[in-house]
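K.L.:
Take a look at data29.txt, compact mmCIF, C-alpha atoms and all ligand atoms:
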# COMPACT_ATOMS: atom_id res chain seq x y z
CA VAL A 22 98.50 117.37 104.19
CA SER A 23 98.17 114.00 102.54
CA GLU A 24 96.17 113.99 99.37
CA ALA A 25 93.90 111.35 97.97
CA ASP A 26 95.97 111.39 94.81
CA ASP A 27 98.48 109.26 96.69
CA ALA A 28 96.07 106.38 97.20
CA ALA A 29 97.66 103.12 96.11
CA VAL A 30 96.62 103.23 92.48
CA PRO A 31 98.89 101.68 89.83
CA LEU A 32 100.92 104.26 87.95
CA GLY A 33 99.41 105.18 84.64
CA LEU A 34 97.03 107.63 83.14
CA LEU A 35 93.60 107.59 84.81
CA PRO A 36 90.74 107.24 82.32
CA TRP A 37 89.35 110.75 82.82
CA GLN A 38 92.82 112.28 82.28
CA ARG A 39 93.10 111.09 78.69
CA PRO A 40 91.69 114.24 77.02
CA VAL A 41 94.11 116.45 79.00
CA TRP A 42 96.94 114.08 78.14
CA GLN A 43 96.15 114.24 74.45
CA ARG A 44 96.49 118.02 74.64
CA VAL A 45 100.04 117.85 76.04
CA ALA A 46 101.35 114.58 74.64
CA HIS A 47 102.23 115.70 71.14
CA VAL A 48 104.00 118.86 72.31
CA ALA A 49 105.76 116.94 75.09
CA THR A 50 107.14 114.30 72.75
CA SER A 51 108.32 116.84 70.19
CA GLY A 52 110.22 118.78 72.86
CA ARG A 53 107.95 121.84 72.63
CA LEU A 54 106.23 121.49 76.00
CA ALA A 55 105.87 124.71 78.01
CA HIS A 56 108.66 125.11 80.56
CA ALA A 57 106.25 125.81 83.39
CA LEU A 58 103.03 123.85 83.80
CA LEU A 59 100.37 124.35 86.43
CA ILE A 60 98.53 121.09 87.05
CA SER A 61 95.36 121.90 88.95
CA GLY A 62 92.05 120.27 89.78
CA PRO A 63 89.93 119.34 92.79
CA ARG A 64 91.31 116.97 95.40
CA GLY A 65 91.06 113.37 94.28
CA THR A 66 91.32 113.90 90.53
CA GLY A 67 94.88 112.51 90.25
CA LYS A 68 97.05 115.61 89.80
CA ARG A 69 100.09 113.96 91.37
CA GLN A 70 99.67 110.84 89.28
CA PHE A 71 99.33 112.92 86.13
CA ALA A 72 102.54 114.78 87.02
CA ARG A 73 104.35 111.45 87.52
CA VAL A 74 103.22 110.16 84.13
CA LEU A 75 104.22 113.41 82.46
CA THR A 76 107.62 113.37 84.19
CA ALA A 77 108.18 109.78 83.12
CA ALA A 78 107.20 110.66 79.55
CA LEU A 79 109.79 113.47 79.51
CA PHE A 80 112.53 111.03 80.59
CA CYS A 81 111.45 107.81 78.88
CA ARG A 82 113.53 106.43 76.02
CA SER A 83 110.75 104.48 74.35
CA ARG A 84 107.38 106.16 74.60
CA ASP A 85 104.37 104.50 73.01
CA ALA A 86 102.20 105.87 70.22
CA GLU A 87 100.20 107.95 72.69
CA GLY A 88 103.39 109.45 74.09
CA LEU A 89 103.06 107.45 77.32
CA PRO A 90 106.17 106.18 79.14
CA CYS A 91 107.14 102.53 78.62
CA GLY A 92 107.70 101.74 82.32
CA ARG A 93 110.61 99.42 81.46
CA CYS A 94 113.57 101.49 80.23
CA ALA A 95 116.40 102.59 82.53
CA ASP A 96 114.87 106.06 83.00
CA CYS A 97 111.40 104.71 83.83
CA ARG A 98 112.92 102.25 86.31
CA GLN A 99 115.06 104.91 87.99
CA LEU A 100 112.03 107.14 88.28
CA ALA A 101 109.89 104.36 89.76
CA ALA A 102 112.63 103.66 92.30
CA GLY A 103 112.73 107.35 93.23
CA VAL A 104 116.38 107.79 92.22
CA HIS A 105 116.22 109.57 88.85
CA PRO A 106 118.99 112.20 88.74
CA GLY A 107 116.94 114.49 86.48
CA LEU A 108 114.04 114.91 88.93
CA ALA A 109 113.95 117.31 91.88
CA THR A 110 110.92 117.91 94.08
CA ALA A 111 110.05 120.41 96.78
CA SER A 112 107.25 120.17 99.33
CA PRO A 113 106.71 121.68 102.77
CA GLU A 114 108.74 119.94 105.45
CA GLU A 115 106.91 117.73 107.92
CA GLY A 116 104.65 119.87 110.09
CA LYS A 117 105.21 123.00 107.97
CA SER A 118 102.72 124.63 105.61
CA VAL A 119 105.22 126.58 103.48
CA ILE A 120 107.87 125.32 101.06
CA ALA A 121 111.19 126.61 102.40
CA VAL A 122 112.87 129.14 100.14
CA GLU A 123 116.15 127.19 100.43
CA ALA A 124 114.38 124.18 98.92
CA VAL A 125 113.20 126.31 96.00
CA ARG A 126 116.74 127.67 95.46
CA GLY A 127 118.17 124.16 95.53
CA LEU A 128 115.60 123.09 92.97
CA CYS A 129 116.48 125.95 90.62
CA GLU A 130 120.19 125.21 90.97
CA ARG A 131 119.65 121.62 89.96
CA LEU A 132 117.66 122.71 86.92
CA SER A 133 120.43 125.10 85.83
CA MET A 134 123.13 122.42 85.95
CA THR A 135 123.78 121.00 82.50
CA SER A 136 122.83 117.36 82.45
CA HIS A 137 125.70 115.22 81.18
CA ASP A 138 123.72 113.79 78.27
CA GLY A 139 121.51 116.77 77.46
CA ARG A 140 118.41 115.01 78.71
CA ALA A 141 115.33 116.57 80.30
CA LYS A 142 115.28 117.90 83.84
CA VAL A 143 112.09 118.23 85.84
CA ALA A 144 111.29 120.11 89.04
CA VAL A 145 108.02 119.43 90.87
CA LEU A 146 106.56 121.84 93.44
CA ASP A 147 103.88 120.15 95.45
CA PRO A 148 101.65 121.83 96.44
CA ALA A 149 102.60 125.01 94.63
CA ASP A 150 100.19 127.10 96.70
CA ALA A 151 102.54 126.41 99.64
CA LEU A 152 105.07 128.80 98.09
CA ASN A 153 105.36 132.10 99.95
CA LEU A 154 106.49 135.36 98.36
CA SER A 155 110.21 134.57 98.77
CA GLY A 156 109.68 131.13 97.28
CA VAL A 157 107.82 132.57 94.29
CA ASN A 158 110.56 135.17 93.76
CA ALA A 159 113.25 132.50 93.96
CA LEU A 160 111.41 130.50 91.31
CA LEU A 161 110.50 133.34 88.95
CA LYS A 162 113.91 133.77 87.36
CA THR A 163 114.03 130.07 86.44
CA VAL A 164 110.50 130.24 85.03
CA GLU A 165 111.26 133.40 83.06
CA GLU A 166 114.62 132.23 81.69
CA PRO A 167 114.35 128.46 81.79
CA PRO A 168 117.50 126.38 81.29
CA ALA A 169 117.38 124.21 78.16
CA ARG A 170 115.17 121.12 78.39
CA SER A 171 113.99 121.97 81.90
CA HIS A 172 110.41 121.83 83.12
CA VAL A 173 108.77 123.09 86.27
CA LEU A 174 105.56 121.29 87.27
CA LEU A 175 103.39 123.10 89.79
CA ILE A 176 100.69 121.03 91.46
CA SER A 177 97.79 122.84 93.07
CA GLU A 178 94.27 122.31 94.34
CA ARG A 179 93.89 126.05 94.75
CA PRO A 180 95.57 127.64 91.69
CA MET A 181 93.96 131.00 92.38
CA GLU A 182 95.98 131.24 95.58
CA LEU A 183 99.15 131.20 93.52
CA ARG A 184 100.67 134.62 92.89
CA ALA A 185 99.59 136.02 89.56
CA THR A 186 103.21 136.75 88.54
CA LEU A 187 103.89 133.02 88.64
CA ARG A 188 100.52 131.75 87.49
CA SER A 189 100.51 133.92 84.37
CA ARG A 190 103.79 132.33 83.23
CA CYS A 191 102.45 128.77 83.38
CA GLN A 192 100.54 126.72 80.90
CA GLN A 193 97.49 125.55 82.81
CA LEU A 194 96.34 121.95 82.79
CA ARG A 195 93.14 121.47 84.71
CA LEU A 196 92.11 117.92 85.63
CA PRO A 197 88.34 117.56 85.69
CA ILE A 198 85.88 115.72 87.91
CA PRO A 199 84.90 112.90 85.52
CA PRO A 200 81.33 112.12 84.47
CA ARG A 201 79.61 109.99 87.13
CA ALA A 202 79.39 106.92 84.88
CA GLN A 203 83.13 106.97 84.22
CA ALA A 204 83.98 107.40 87.90
CA ARG A 205 81.57 104.61 88.83
CA GLN A 206 83.06 102.26 86.26
CA TRP A 207 86.59 102.95 87.47
CA LEU A 208 85.64 102.33 91.11
CA ALA A 209 83.67 99.20 90.26
CA GLN A 210 86.84 97.65 88.79
CA ARG A 211 88.82 98.18 91.98
CA ARG A 212 89.09 95.68 94.81
CA LEU A 213 89.06 96.50 98.51
CA PRO A 214 91.87 94.98 100.58
CA ALA A 215 91.12 91.34 101.32
CA ASP A 216 90.00 90.67 104.89
CA GLY A 217 90.55 86.95 104.90
CA ALA A 218 87.29 86.09 103.17
CA SER A 219 88.78 86.51 99.73
CA ALA A 220 92.45 86.71 98.84
CA ALA A 221 91.80 88.66 95.64
CA GLY A 222 90.09 91.49 97.51
CA LEU A 223 86.45 92.39 97.70
CA PRO A 224 84.46 94.19 95.04
CA VAL A 225 82.86 97.44 96.17
CA ALA A 226 79.10 97.21 96.62
CA GLU A 227 77.29 99.30 94.03
CA GLY A 228 75.49 101.41 96.62
CA ALA A 229 78.74 102.11 98.42
CA VAL A 230 80.28 103.39 95.16
CA ASP A 231 77.58 106.01 94.79
CA ALA A 232 77.62 106.94 98.46
CA ALA A 233 81.40 107.41 98.35
CA LEU A 234 81.23 109.46 95.14
CA ASP A 235 78.57 111.67 96.71
CA ALA A 236 80.75 112.19 99.76
CA ALA A 237 83.77 112.95 97.56
CA ASN A 238 81.94 115.45 95.33
CA GLY A 239 82.52 113.10 92.43
CA ALA A 240 86.33 112.88 92.75
CA PRO A 241 87.22 109.22 92.11
CA LEU A 242 90.50 108.96 94.04
CA LEU A 243 88.96 110.60 97.08
CA ALA A 244 85.96 108.27 96.82
CA TRP A 245 88.37 105.37 96.62
CA GLU A 246 90.15 106.56 99.74
CA LEU A 247 86.82 106.75 101.58
CA LEU A 248 85.85 103.26 100.47
CA ARG A 249 89.22 101.79 101.32
CA ASP A 250 89.56 103.41 104.73
CA GLY A 251 86.00 103.96 105.88
CA GLY A 252 83.80 101.92 103.62
CA VAL A 253 85.08 98.56 104.68
CA GLU A 254 84.47 99.47 108.31
CA LEU A 255 81.04 100.85 107.49
CA GLN A 256 80.04 97.71 105.64
CA ARG A 257 81.42 95.52 108.41
CA GLY A 258 79.28 97.48 110.87
CA TRP A 259 76.21 96.96 108.67
CA SER A 260 77.00 93.30 108.36
CA ARG A 261 77.20 92.97 112.16
CA LEU A 262 73.91 94.84 112.75
CA LEU A 263 72.14 92.80 110.12
CA GLY A 264 73.60 89.59 111.50
CA GLU A 265 72.32 90.43 114.98
CA CYS A 266 68.82 91.21 113.75
CA ALA A 267 68.69 88.19 111.47
CA GLY A 268 69.91 86.00 114.32
CA GLY A 269 67.24 87.33 116.66
CA ARG A 270 69.80 88.83 119.05
CA GLY A 271 69.50 92.43 117.89
CA ASP A 272 66.69 94.95 118.16
CA PRO A 273 65.65 96.04 114.63
CA ILE A 274 64.55 99.47 115.85
CA GLU A 275 67.88 100.16 117.52
CA ALA A 276 69.77 98.74 114.54
CA ALA A 277 67.80 100.98 112.14
CA ALA A 278 68.72 103.98 114.28
CA ALA A 279 72.38 102.92 114.29
CA ILE A 280 72.44 102.71 110.48
CA GLY A 281 70.93 106.16 110.33
CA GLU A 282 68.42 107.79 107.98
CA GLU A 283 71.12 109.27 105.74
CA GLN A 284 72.67 105.88 105.09
CA ALA A 285 69.36 104.14 104.42
CA GLY A 286 69.80 104.27 100.62
CA PRO A 287 73.39 102.98 100.60
CA PHE A 288 72.47 100.33 103.17
CA LEU A 289 69.58 99.05 101.06
CA ARG A 290 71.75 98.87 97.95
CA TRP A 291 74.51 97.11 99.89
CA LEU A 292 71.98 94.65 101.32
CA PHE A 293 70.55 94.02 97.87
CA VAL A 294 74.00 93.18 96.47
CA PHE A 295 74.63 90.98 99.50
CA VAL A 296 71.38 89.04 99.06
CA LEU A 297 72.08 88.57 95.37
CA GLN A 298 75.51 87.19 96.27
CA CYS A 299 73.87 84.75 98.72
CA LEU A 300 71.51 83.64 95.98
CA ARG A 301 74.41 83.02 93.64
CA VAL A 302 76.28 80.64 95.99
CA PRO A 303 73.59 78.17 97.04
CA GLY A 304 76.21 75.44 97.54
CA ALA A 305 77.69 77.15 100.57
CA ARG A 306 76.13 75.62 103.67
CA ALA A 307 73.06 74.71 101.68
CA GLU A 308 71.89 72.34 104.38
CA ALA A 309 71.57 75.18 106.88
CA ALA A 310 70.96 78.18 104.63
CA ALA A 311 67.61 79.87 104.40
CA PRO A 312 65.61 78.36 101.59
CA LEU A 313 66.45 80.08 98.34
CA ARG A 314 62.82 80.81 97.58
CA GLU A 315 62.58 82.79 100.82
CA LEU A 316 65.72 84.69 99.89
CA SER A 317 64.50 85.66 96.45
CA ARG A 318 61.23 86.84 97.99
CA PHE A 319 63.30 88.93 100.38
CA ALA A 320 65.22 90.36 97.41
CA GLU A 321 61.94 91.34 95.75
CA GLU A 322 60.81 93.00 98.95
CA LEU A 323 64.10 94.88 99.09
CA VAL A 324 63.47 96.28 95.63
CA GLU A 325 60.01 97.33 96.77
CA GLN A 326 61.45 99.06 99.85
CA MET A 327 64.04 100.86 97.69
CA ARG A 328 61.13 102.14 95.61
CA ARG A 329 59.34 103.28 98.79
CA LEU A 330 62.46 105.09 99.91
CA GLN A 331 62.69 106.90 96.58
CA ALA A 332 59.02 107.83 96.95
CA ASN A 333 59.95 109.59 100.20
CA ALA A 334 58.89 106.96 102.69
CA ARG A 335 60.49 107.60 106.08
CA PRO A 336 63.94 105.96 105.93
CA GLN A 337 63.74 104.84 109.54
CA LEU A 338 60.50 102.92 108.88
CA VAL A 339 61.90 101.32 105.73
CA LEU A 340 64.99 100.16 107.60
CA GLU A 341 62.96 98.82 110.52
CA ALA A 342 60.62 96.93 108.21
CA LEU A 343 63.53 95.25 106.44
CA LEU A 344 65.46 94.43 109.58
CA ILE A 345 62.36 92.89 111.16
CA ARG A 346 61.77 90.93 107.98
CA SER A 347 65.41 89.72 107.91
CA ARG A 348 64.94 87.68 111.08
CA GLY A 349 65.94 84.09 110.55
CA MET A 350 66.82 84.83 106.98
CA LEU A 351 70.45 85.77 106.53
CA ALA A 352 72.01 84.88 109.86
CA LEU A 353 73.94 81.89 108.60
CA GLN A 354 75.36 83.56 105.53
CA LEU A 355 76.50 86.50 107.64
CA GLN A 356 78.11 84.19 110.16
CA SER A 357 79.96 82.33 107.47
CA GLN A 358 81.14 85.69 106.05
CA ASP A 359 82.46 86.81 109.42
CA ASN A 360 84.18 83.50 110.20
CA PRO A 361 85.53 82.10 106.95
ZN ZN B 401 110.58 104.25 79.55
Please go through the file and, once you have read it, give me the structure as structure tokens.
P.N.:
Amino acid sequence: VSEADDAAVPLGLLPWQRPVWQRVAHVATSGRLAHALLISGPRGTGKRQFARVLTAALFCRSRDAEGLPCGRCADCRQLAAGVHPGLATASPEEGKSVIAVEAVRGLCERLSMTSHDGRAKVAVLDPADALNLSGVNALLKTVEEPPARSHVLLISERPMELRATLRSRCQQLRLPIPPRAQARQWLAQRRLPADGASAAGLPVAEGAVDAALDAANGAPLLAWELLRDGGVELQRGWSRLLGECAGGRGDPIEAAAAIGEEQAGPFLRWLFVFVLQCLRVPGARAEAAAPLRELSRFAEELVEQMRRLQANARPQLVLEALLIRSRGMLALQLQSQDNP
């Protein structure tokens, strides 16, 4: 099962993880970190990333003032390249749902071997709720009598499914769903993969950020995955429908139905951002573009329709009204966006 935590996000602490980090950093850097840690939290909160930063901090030779790894020393580089001799991981094999007991035994053996320079050793079990009874039993001895400078990191979305004998021996670190404003800010700074229109990537439309966070129950990495994999397609679909209506080729009533009542809010916010962007680049095809005054009037109407939607107007009618109104308005900008 792939997890959103693995989305391509640069390695480092995520903003909402800072309070949890501050709780472990000072004990980690003074060598007093618990031997077994259970890193839990809902899907998309960055458990795996947190475990990577913590692992790096345990190995790193020049941590910063916050106890964070430098990313440049030999240990950090080995870890980034996936070849650090002090790290062992166990996960279910491809197509399996349980971590094989042999893998757990191998992990414990590696932890018990004395490292040649007395440095830290880390074992990661991911996800730890994929341990069966034999796996837990194989791990218990190591957790109860940990070899010097060894740490076992258990990653789990469902910590309560872990056997109590194991769970009770772990220090628990729970990663939270961040406040909406923090999640929104983090997503707003990200760029969607470029699709030819812009090499630097595309900013996420404000409405799409909220829609994705709603769909992800507030978990930022999951929201990011939705935006990256589905959002671009969704917005491309909207852009095509709008282009057809604006160009007079599409039927606004059918297009409104295709967008769907549930997506009316996100669509309106996306359209608003799009219109504002058109207003900001008047130089582009100015000779053919809809007059700017018309566009700003359309933007005002959009705001009015957003208000109607909030006041419980029927979404379908709001969408239809806007799509009818868009005729002749945005066709050229949409064409130039599709064919850069
Ligand atoms: Zn380092």
K.L.:
Using only C-alpha atoms and all ligand atoms, which of the listed residues (A:Glu130, A:Asp85, A:Asp96, A:Glu322) sits closest to ligand ZN 401 (chain B)?
P.N.:
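Among the listed residues, the smallest separation from ligand ZN 401 (chain B) belongs to A:Asp96.
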K.L.:
Please, which residues have at least one atom within 6 Å of an atom of ligand ZN 401 (chain B), using all atoms listed in the file, listed as a ChimeraX atom specification?
P.N.:
/A:81-83,90-94,96-97
K.L.:
Using all atoms listed in the file, can you tell me which of A:Ala276, A:Leu89, A:Val157, A:Ala185 comes closest to Gly264 of chain A?
P.N.:
A:Ala276
K.L.:
Counting all atoms listed in the file, what is within 12 Å of Ala320 of chain A, bar same-chain residues fewer than 3 positions away, as JSON, numbers by chain?
P.N.:
{"A": [289, 290, 291, 292, 293, 294, 295, 296, 297, 298, 299, 300, 313, 314, 315, 316, 317, 323, 324, 325, 326, 327, 343, 346, 347, 350, 351]}
K.L.:
Give me, please, the distance in Å between atom CA of Glu165 of chain A and atom CA of Thr186 of chain A, quoted to one decimal.
P.N.:
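Straight-line distance from atom CA of Glu165 of chain A to atom CA of Thr186 of chain A works out to 10.3 Å.
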K.L.:
From the set A:Leu262, A:Leu174, A:Leu208, A:Ala232, which residue has the shortest atom-to-atom contact distance to Ser61 of chain A, counting all atoms listed in the file?
P.N.:
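Smallest separation from Ser61 of chain A among the options: A:Leu174.
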K.L.:
Between atom CA of Trp37 of chain A and atom CA of Gln256 of chain A, what is the distance in Å, rounded to a tenth?
P.N.:
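Interatomic distance here is 27.9 Å.
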K.L.:
May I ask for the distance between atom CA of Asp231 of chain A and atom CA of Leu213 of chain A, given in Å to one decimal place?
P.N.:
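Those two atoms sit 15.4 Å apart.
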K.L.:
Hey, what's within 9 Å of Ala233 of chain A if we count only C-alpha atoms and toss same-chain stuff fewer than 2 positions away? As a PyMOL selection string, please?
P.N.:
chain A and resi 228-231+235-239+241+243-248+252
K.L.:
Pick from A:Gly65, A:Ser112, A:Ala57, A:Gly258: nearest to Thr163 of chain A, with all atoms listed in the file counted?
P.N.:
A:Ala57
K.L.:
Tell me, as JSON, numbers by chain, which residues lie within 10 Å of Glu87 of chain A, counting only C-alpha atoms; anything in the same chain fewer than 5 positions away does not count.
P.N.:
{"A": [39, 42, 43, 46, 47, 50]}
K.L.:
When you count all atoms listed in the file, which of these residues is closest to Leu154 of chain A: A:Glu282, A:Ala121, A:Ser171, A:Ser133?
P.N.:
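Nearest to Leu154 of chain A: A:Ala121.
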K.L.:
Tell me, as number ranges by chain, which residues lie within 10 Å of Trp207 of chain A, counting only C-alpha atoms; anything in the same chain fewer than 2 positions away does not count.
P.N.:
A: 35-37, 201-205, 209-211, 230, 241-242, 245
